Amino acid sequence: MKPIVFIDRTVPSEVETRIAEHCVVDKWEGASPIPRELLLEKLANANGLLTAGSKVDAELLTHAPHLKAVSSISVGYNHFDLDAMKQRGVIGTHTPHVLNNTVADLAFALILGTARRVAELDRYVKEGKWKSGVGSSLFGQDVHHAKLGIIGMGRIGEAVARRARFGFEMEVSYFNRSRKPEAESLLGVRYQELNELLKDSDFVVMLAPLTPETTRLIGRDQFQLMKPSSIFINISRGQTVDEEALVEVLQSGAISAAGLDVFDNEPIPADHPFLKMDNVLTLPHIGSATTATRFDMAMLAAQNLVNALTGQSPANIVAELQ
Ligand code: DGY
């Protein structure tokens with residue numbers, strides 16, 4: 001008998017076809033996210049789930065007694081309750097590698113966008129405020145030759161460092177739970193303790209995955225170490241940062257600007273202070289969101305799921321569940 005798979009969001013037809021070659025497919029076709037209760041109902045007979053952010057916790061697993069594998073179309077897997085999955089023996093897979101360059105490109109969109117005040121000045125032009133040359137109050141900061149500090153030197157961190165060193169001739173340092181001697185010699189980056197990195201950097205890019213150790217890693221005390229001219233970029237997860245503290249340091253001028261692709265609550269609430277701040281560039285969690293990369297991620301996730309359900313070992317089981 002073919003395994004039963006539930007797909008909880010819209011995916012390209014090729015992705016569905018790949019799964020359907022080996023499995024019976026049921027899917028959510030609504031334009032908005034599937035309501036949790038319906039998802040739990042749909043999983044009653046499912047052996048596999050293809051998702052990108054649905055919380056896979058003890059509650060979901062209780063409603064899914066036949067579930068063997070969950071495949072996420074994402075590199076981050078903080079929506080997996082790893083203990084609950086381990087206890088039930090459910091395989092969890094993700095999609096590393098294929099998105100590295102795309103996410104690194106977005107890091108630079110945020111670095112350049114904040115440094116050169118791109119969104120703010122776009123509004124300035126469109127609102128008819130451009131009457132003569134811009135004065136110094138609208139000047140930005142240089143990215144080239146500036147100091148970049150990367151928190152979380154994984155595969156995406158290395159792709160950001162490569163762009164920084166060889167594209168923008170920046171001085172790059174990194175903080176990571178383990179040293180990366182190979183990256184240090186290949187990319188010419190240096191390791192710094194977190195506090196030193198925060199003190200020295202003109203741009204700080206948060207890339208560490210969300211884990212118990214990185215939750216609220218950067219709070220008031222850490223932001224206070226940064227220079228008043230420095231810029232904070234987050235393309236990891238909102239919860240790695242104390243958002244209230246970030247609002248405060250941006251309002252007080254303790255740091256100069258922030259470029260944010262991720263937030264504590266997504267979508268960000270309409271009354272959030274960030275939305276009224278010219279020195280905050282906000283994006284709707286689009287790190288990997290190009291047509292080509294999202295397609296590659298979905299195809300990889302489909303293959304991971306098929307492999308897990310047909311007894312072939314998937315290559316991309318999340319580290320903690322291996
Ligand atoms: C991921 O894959 O975890 C990214 O956050 C998506 O942009």
# chains A, B, ... in the order shown; residues from 1 in each chain; ligands from 1
>>> closest_atom_pairs(of="region 246-269 of chain A", to="region 101-110 of chain A", cutoff="9 Å", atoms="only C-alpha atoms", output="JSON lines")
{"residue": "A:Ala258", "atom": "CA", "partner": "A:Leu110", "partner_atom": "CA", "distance": 8.4}
{"residue": "A:Gly259", "atom": "CA", "partner": "A:Leu110", "partner_atom": "CA", "distance": 5.2}
{"residue": "A:Leu260", "atom": "CA", "partner": "A:Leu110", "partner_atom": "CA", "distance": 7.4}
{"residue": "A:Asp261", "atom": "CA", "partner": "A:Leu110", "partner_atom": "CA", "distance": 8.4}
>>> write_last_selection(atoms="C-alpha atoms", output="PDB file, in the first residue's frame")
ATOM      1  CA  ALA A 258      18.042  47.886  11.642  1.00  0.00           C
ATOM      2  CA  GLY A 259      17.201  45.702   8.673  1.00  0.00           C
ATOM      3  CA  LEU A 260      14.770  42.977   9.645  1.00  0.00           C
ATOM      4  CA  ASP A 261      13.407  40.036   7.683  1.00  0.00           C
TER       5      ASP A 261
END
>>> residues_near_ligand(ligand="ligand 1", cutoff="10 Å", atoms="only C-alpha atoms and all ligand atoms", output="ChimeraX atom specification")
/A:52-53,72-79,94-100,102-103,106,207,209-210,235-237,261-262,284-290,293-294,297
>>> residues_around(residues="Ile231 (chain A)", least_positions_apart="2", cutoff="7 Å", atoms="only C-alpha atoms", output="list in words")
Asp202, Phe203, Val204, Ser229, Ile233, Ile255, Ser256, Ala257 and Ala258 of chain A
>>> atom_distance(atom1="CA of Phe166 (chain A)", atom2="CA of Glu196 (chain A)")
23.4 Å
